[in-house]
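A short write-up of the structure that comes next.
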Amino acid sequence: MGKTIPSSGAGAVRIILKNKEAFKFDLRNKETEGARTSYLFDVFYENAAGTLNIAVEDNEVRLAALNLSLGKVINLNNDANLKKLCRYVLEKVE
C-alpha cells in the first residue's frame, strides 16, 4: 500500500513515482494526427482517481496534464516530475 496523496494535491506526482506499484492506469483513447500522438488514460492511486492526458511528438512528451479527483490539475509547467511519470506510463503501454 502506497502513501496517500494529501487533499491539497501537493507533491502528488513525486508520491506516485515513489509508489509506482500502487499507480494503476487504463488507456481510454489513443489518436494520431500527423507526427503527434495523443493518449488519454483513466488513472487510479490510493485515495485519488482522474485522468492523464499526454501528447507525444518526435518521441518527446510535449504536453501532459494529470487531473486528479482532489481538485488539482498538474501539468508540465507546475511539476517537472510529470514528464517522468508520463514516460513510465508510456513504457508500460507500448
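By order of appearance in the C-alpha cells: chains A, B, ..., then residues from 1 within every chain, and ligands from 1 in the order shown.
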
Next on the checklist: Residues near Tyr88 in chain A, anyone? I mean within 10 Å using only C-alpha atoms, not counting same-chain ones fewer than 5 positions away, as a list in words.
Outcome noted: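 Result of the neighbour search: Leu17, Lys20, Leu82, Lys83 and Val93 of chain A.
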
Checklist entry - Within 9 Å of Lys3 in chain A, counting only C-alpha atoms, which residues qualify if same-chain residues fewer than 5 places away don't, as a ChimeraX atom specification? => result /A:15-16,18-19,22,46

Saved selection, atoms kept: all heavy atoms, as a compact mmCIF listing (two decimals), in the first residue's frame:
# COMPACT_ATOMS: atom_id res chain seq x y z
N ILE A 15 4.95 11.53 -5.04
CA ILE A 15 4.44 10.42 -4.23
C ILE A 15 4.11 9.23 -5.11
O ILE A 15 4.46 8.09 -4.80
CB ILE A 15 3.21 10.87 -3.42
CG1 ILE A 15 3.62 11.87 -2.34
CG2 ILE A 15 2.50 9.66 -2.79
CD1 ILE A 15 2.46 12.59 -1.67
N ILE A 16 3.47 9.47 -6.24
CA ILE A 16 3.12 8.38 -7.17
C ILE A 16 4.38 7.71 -7.70
O ILE A 16 4.46 6.48 -7.77
CB ILE A 16 2.24 8.90 -8.32
CG1 ILE A 16 0.86 9.31 -7.79
CG2 ILE A 16 2.11 7.85 -9.42
CD1 ILE A 16 0.00 10.07 -8.79
N LYS A 18 7.24 7.41 -6.31
CA LYS A 18 7.87 6.61 -5.26
C LYS A 18 7.09 5.34 -4.95
O LYS A 18 7.62 4.42 -4.33
CB LYS A 18 8.02 7.44 -3.98
CG LYS A 18 9.10 8.49 -4.09
CD LYS A 18 9.26 9.25 -2.80
CE LYS A 18 10.37 10.27 -2.91
NZ LYS A 18 10.56 11.00 -1.66
N ASN A 19 5.82 5.29 -5.36
CA ASN A 19 4.95 4.15 -5.09
C ASN A 19 4.28 3.67 -6.38
O ASN A 19 3.07 3.47 -6.42
CB ASN A 19 3.89 4.55 -4.06
CG ASN A 19 4.49 5.02 -2.77
OD1 ASN A 19 5.00 4.24 -1.99
ND2 ASN A 19 4.48 6.33 -2.56
N ALA A 22 1.43 1.04 -6.79
CA ALA A 22 0.06 1.37 -6.39
C ALA A 22 -0.66 2.22 -7.44
O ALA A 22 -1.85 2.48 -7.32
CB ALA A 22 0.06 2.11 -5.05
N GLU A 46 -4.40 4.99 -4.77
CA GLU A 46 -4.83 5.03 -3.37
C GLU A 46 -6.12 5.83 -3.16
O GLU A 46 -7.19 5.32 -3.29
CB GLU A 46 -3.71 5.58 -2.48
CG GLU A 46 -2.47 4.72 -2.43
CD GLU A 46 -2.67 3.36 -1.81
OE1 GLU A 46 -3.49 3.24 -0.88
OE2 GLU A 46 -2.02 2.40 -2.25

Item to check | Selection: 8 Å around Glu57 in chain A, only C-alpha atoms, excl. self and same-chain fewer than 2 positions, as a list in words | outcome: Ala35, Arg36, Thr37, Ala55, Asn59, Glu60, Val61 and Arg62 of chain A

Keeping only N, CA, C and O atoms, write the selected residues as a JSON list (two decimals), in the first residue's frame.
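Saved as selection.json:
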[["chain", "number", "residue", "atom", "x", "y", "z"],
["A", 35, "ALA", "N", 2.42, 13.97, -36.86],
["A", 35, "ALA", "CA", 3.52, 13.45, -36.03],
["A", 35, "ALA", "C", 3.15, 13.38, -34.55],
["A", 35, "ALA", "O", 3.93, 12.90, -33.74],
["A", 36, "ARG", "N", 1.97, 13.86, -34.18],
["A", 36, "ARG", "CA", 1.57, 13.91, -32.77],
["A", 36, "ARG", "C", 0.63, 12.75, -32.43],
["A", 36, "ARG", "O", -0.36, 12.51, -33.11],
["A", 37, "THR", "N", 0.94, 12.06, -31.34],
["A", 37, "THR", "CA", 0.07, 11.02, -30.82],
["A", 37, "THR", "C", -0.42, 11.46, -29.45],
["A", 37, "THR", "O", 0.38, 11.85, -28.60],
["A", 55, "ALA", "N", 0.50, 14.17, -24.82],
["A", 55, "ALA", "CA", 0.71, 14.36, -26.26],
["A", 55, "ALA", "C", 2.20, 14.18, -26.53],
["A", 55, "ALA", "O", 3.04, 14.84, -25.91],
["A", 59, "ASN", "N", 8.86, 11.57, -30.45],
["A", 59, "ASN", "CA", 9.26, 10.73, -29.32],
["A", 59, "ASN", "C", 9.54, 11.53, -28.04],
["A", 59, "ASN", "O", 10.27, 11.09, -27.17],
["A", 60, "GLU", "N", 8.97, 12.72, -27.92],
["A", 60, "GLU", "CA", 9.13, 13.58, -26.76],
["A", 60, "GLU", "C", 7.76, 13.98, -26.22],
["A", 60, "GLU", "O", 6.86, 14.31, -26.99],
["A", 61, "VAL", "N", 7.60, 13.94, -24.91],
["A", 61, "VAL", "CA", 6.35, 14.38, -24.28],
["A", 61, "VAL", "C", 6.28, 15.89, -24.42],
["A", 61, "VAL", "O", 7.11, 16.61, -23.87],
["A", 62, "ARG", "N", 5.32, 16.38, -25.20],
["A", 62, "ARG", "CA", 5.18, 17.82, -25.46],
["A", 62, "ARG", "C", 4.16, 18.47, -24.53],
["A", 62, "ARG", "O", 4.34, 19.60, -24.09]]

Item to check | Test item, alpha helix (DSSP H) assignment across range 13-91 of chain A, answer as an MDAnalysis selection string | outcome: chainID A and resid 13:18 82:91

Checklist entry - In Å to one decimal, how far is CA of Val56 in chain A from CA of Glu31 in chain A? => result 10.5 Å

Item to check | Contacts of Leu76 in chain A at 9 Å (only C-alpha atoms; same-chain gap of 2+ positions) as a list of chain:residue names | outcome: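 Surrounding residues, per the criterion: A:Arg62, A:Leu63, A:Ala64, A:Ala65, A:Ile74, A:Asn78, A:Asp79, A:Ala80, A:Asn81, A:Leu82, A:Lys83.
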
N, CA, C and O atoms of the current selection, written as a PDB file, in the first residue's frame:
ATOM      1  N   ARG A  62       5.318  16.378 -25.201  1.00  0.00           N
ATOM      2  CA  ARG A  62       5.180  17.825 -25.456  1.00  0.00           C
ATOM      3  C   ARG A  62       4.156  18.470 -24.532  1.00  0.00           C
ATOM      4  O   ARG A  62       4.340  19.596 -24.095  1.00  0.00           O
ATOM      5  N   LEU A  63       3.061  17.763 -24.274  1.00  0.00           N
ATOM      6  CA  LEU A  63       2.002  18.256 -23.398  1.00  0.00           C
ATOM      7  C   LEU A  63       1.582  17.130 -22.472  1.00  0.00           C
ATOM      8  O   LEU A  63       1.553  15.968 -22.875  1.00  0.00           O
ATOM      9  N   ALA A  64       1.241  17.485 -21.240  1.00  0.00           N
ATOM     10  CA  ALA A  64       0.741  16.490 -20.299  1.00  0.00           C
ATOM     11  C   ALA A  64      -0.066  17.194 -19.219  1.00  0.00           C
ATOM     12  O   ALA A  64       0.284  18.298 -18.791  1.00  0.00           O
ATOM     13  N   ALA A  65      -1.139  16.546 -18.808  1.00  0.00           N
ATOM     14  CA  ALA A  65      -1.962  17.064 -17.721  1.00  0.00           C
ATOM     15  C   ALA A  65      -2.521  15.894 -16.920  1.00  0.00           C
ATOM     16  O   ALA A  65      -3.114  14.978 -17.482  1.00  0.00           O
ATOM     17  N   ILE A  74      -2.355  18.939 -12.621  1.00  0.00           N
ATOM     18  CA  ILE A  74      -0.898  19.037 -12.660  1.00  0.00           C
ATOM     19  C   ILE A  74      -0.481  18.986 -14.114  1.00  0.00           C
ATOM     20  O   ILE A  74      -0.935  18.123 -14.872  1.00  0.00           O
ATOM     21  N   ASN A  78       3.839  23.159 -13.941  1.00  0.00           N
ATOM     22  CA  ASN A  78       3.850  23.267 -12.489  1.00  0.00           C
ATOM     23  C   ASN A  78       4.420  22.042 -11.767  1.00  0.00           C
ATOM     24  O   ASN A  78       4.462  22.023 -10.548  1.00  0.00           O
ATOM     25  N   ASP A  79       4.887  21.024 -12.522  1.00  0.00           N
ATOM     26  CA  ASP A  79       5.536  19.867 -11.902  1.00  0.00           C
ATOM     27  C   ASP A  79       6.470  19.191 -12.900  1.00  0.00           C
ATOM     28  O   ASP A  79       6.020  18.516 -13.825  1.00  0.00           O
ATOM     29  N   ALA A  80       7.769  19.368 -12.691  1.00  0.00           N
ATOM     30  CA  ALA A  80       8.774  18.805 -13.601  1.00  0.00           C
ATOM     31  C   ALA A  80       8.777  17.273 -13.574  1.00  0.00           C
ATOM     32  O   ALA A  80       9.206  16.640 -14.539  1.00  0.00           O
ATOM     33  N   ASN A  81       8.303  16.672 -12.491  1.00  0.00           N
ATOM     34  CA  ASN A  81       8.285  15.208 -12.390  1.00  0.00           C
ATOM     35  C   ASN A  81       7.211  14.558 -13.259  1.00  0.00           C
ATOM     36  O   ASN A  81       7.242  13.350 -13.468  1.00  0.00           O
ATOM     37  N   LEU A  82       6.274  15.340 -13.762  1.00  0.00           N
ATOM     38  CA  LEU A  82       5.195  14.768 -14.572  1.00  0.00           C
ATOM     39  C   LEU A  82       5.738  14.094 -15.828  1.00  0.00           C
ATOM     40  O   LEU A  82       5.230  13.063 -16.248  1.00  0.00           O
ATOM     41  N   LYS A  83       6.785  14.633 -16.410  1.00  0.00           N
ATOM     42  CA  LYS A  83       7.376  14.022 -17.608  1.00  0.00           C
ATOM     43  C   LYS A  83       7.895  12.618 -17.290  1.00  0.00           C
ATOM     44  O   LYS A  83       7.734  11.697 -18.087  1.00  0.00           O
TER      45      LYS A  83
END

Checklist entry - Looking only at the backbone, which of the residues in chain A does DSSP tag as strand (DSSP E), as a VMD selection string? => result chain A and resid 23 to 33 36 to 45 48 to 57 60 to 68 73 to 75

Atoms to include: C-alpha atoms. Write the selected residues as a PDB file, in the first residue's frame.
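The resulting result.pdb:
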ATOM      1  CA  PHE A  23      -0.490   3.514  -9.525  1.00  0.00           C
ATOM      2  CA  LYS A  24      -2.979   1.950 -11.941  1.00  0.00           C
ATOM      3  CA  PHE A  25      -3.920   3.269 -15.367  1.00  0.00           C
ATOM      4  CA  ASP A  26      -6.099   2.192 -18.275  1.00  0.00           C
ATOM      5  CA  LEU A  27      -5.767   3.542 -21.793  1.00  0.00           C
ATOM      6  CA  ARG A  28      -9.114   5.033 -22.777  1.00  0.00           C
ATOM      7  CA  ASN A  29      -8.166   6.634 -26.106  1.00  0.00           C
ATOM      8  CA  LYS A  30      -5.197   6.940 -28.465  1.00  0.00           C
ATOM      9  CA  GLU A  31      -5.230   9.221 -31.516  1.00  0.00           C
ATOM     10  CA  THR A  32      -2.556  10.052 -34.041  1.00  0.00           C
ATOM     11  CA  GLU A  33      -2.652  13.203 -36.116  1.00  0.00           C
ATOM     12  CA  ARG A  36       1.567  13.907 -32.768  1.00  0.00           C
ATOM     13  CA  THR A  37       0.070  11.017 -30.817  1.00  0.00           C
ATOM     14  CA  SER A  38      -2.344  11.819 -28.002  1.00  0.00           C
ATOM     15  CA  TYR A  39      -3.202   9.446 -25.168  1.00  0.00           C
ATOM     16  CA  LEU A  40      -5.982   9.618 -22.600  1.00  0.00           C
ATOM     17  CA  PHE A  41      -5.729   7.389 -19.536  1.00  0.00           C
ATOM     18  CA  ASP A  42      -8.026   6.771 -16.595  1.00  0.00           C
ATOM     19  CA  VAL A  43      -5.736   6.735 -13.548  1.00  0.00           C
ATOM     20  CA  PHE A  44      -6.151   5.412 -10.016  1.00  0.00           C
ATOM     21  CA  TYR A  45      -3.894   5.818  -6.981  1.00  0.00           C
ATOM     22  CA  ALA A  48      -7.328   9.634  -5.911  1.00  0.00           C
ATOM     23  CA  ALA A  49      -8.690   8.929  -9.373  1.00  0.00           C
ATOM     24  CA  GLY A  50      -8.663  11.007 -12.506  1.00  0.00           C
ATOM     25  CA  THR A  51      -7.270  11.285 -15.993  1.00  0.00           C
ATOM     26  CA  LEU A  52      -3.847  11.645 -17.548  1.00  0.00           C
ATOM     27  CA  ASN A  53      -3.575  13.318 -20.951  1.00  0.00           C
ATOM     28  CA  ILE A  54      -0.303  13.003 -22.850  1.00  0.00           C
ATOM     29  CA  ALA A  55       0.711  14.364 -26.255  1.00  0.00           C
ATOM     30  CA  VAL A  56       3.893  12.930 -27.776  1.00  0.00           C
ATOM     31  CA  GLU A  57       5.644  14.386 -30.799  1.00  0.00           C
ATOM     32  CA  GLU A  60       9.132  13.583 -26.759  1.00  0.00           C
ATOM     33  CA  VAL A  61       6.350  14.382 -24.285  1.00  0.00           C
ATOM     34  CA  ARG A  62       5.180  17.825 -25.456  1.00  0.00           C
ATOM     35  CA  LEU A  63       2.002  18.256 -23.398  1.00  0.00           C
ATOM     36  CA  ALA A  64       0.741  16.490 -20.299  1.00  0.00           C
ATOM     37  CA  ALA A  65      -1.962  17.064 -17.721  1.00  0.00           C
ATOM     38  CA  LEU A  66      -2.828  14.937 -14.702  1.00  0.00           C
ATOM     39  CA  ASN A  67      -6.304  15.787 -13.422  1.00  0.00           C
ATOM     40  CA  LEU A  68      -6.933  14.221 -10.023  1.00  0.00           C
ATOM     41  CA  VAL A  73      -4.601  19.700 -12.260  1.00  0.00           C
ATOM     42  CA  ILE A  74      -0.898  19.037 -12.660  1.00  0.00           C
ATOM     43  CA  ASN A  75       0.875  19.931 -15.905  1.00  0.00           C
TER      44      ASN A  75
END

Item to check | Point-to-point distance from CA of Lys72 in chain A to CA of Arg87 in chain A, Å rounded to tenths | outcome: 20.7 Å
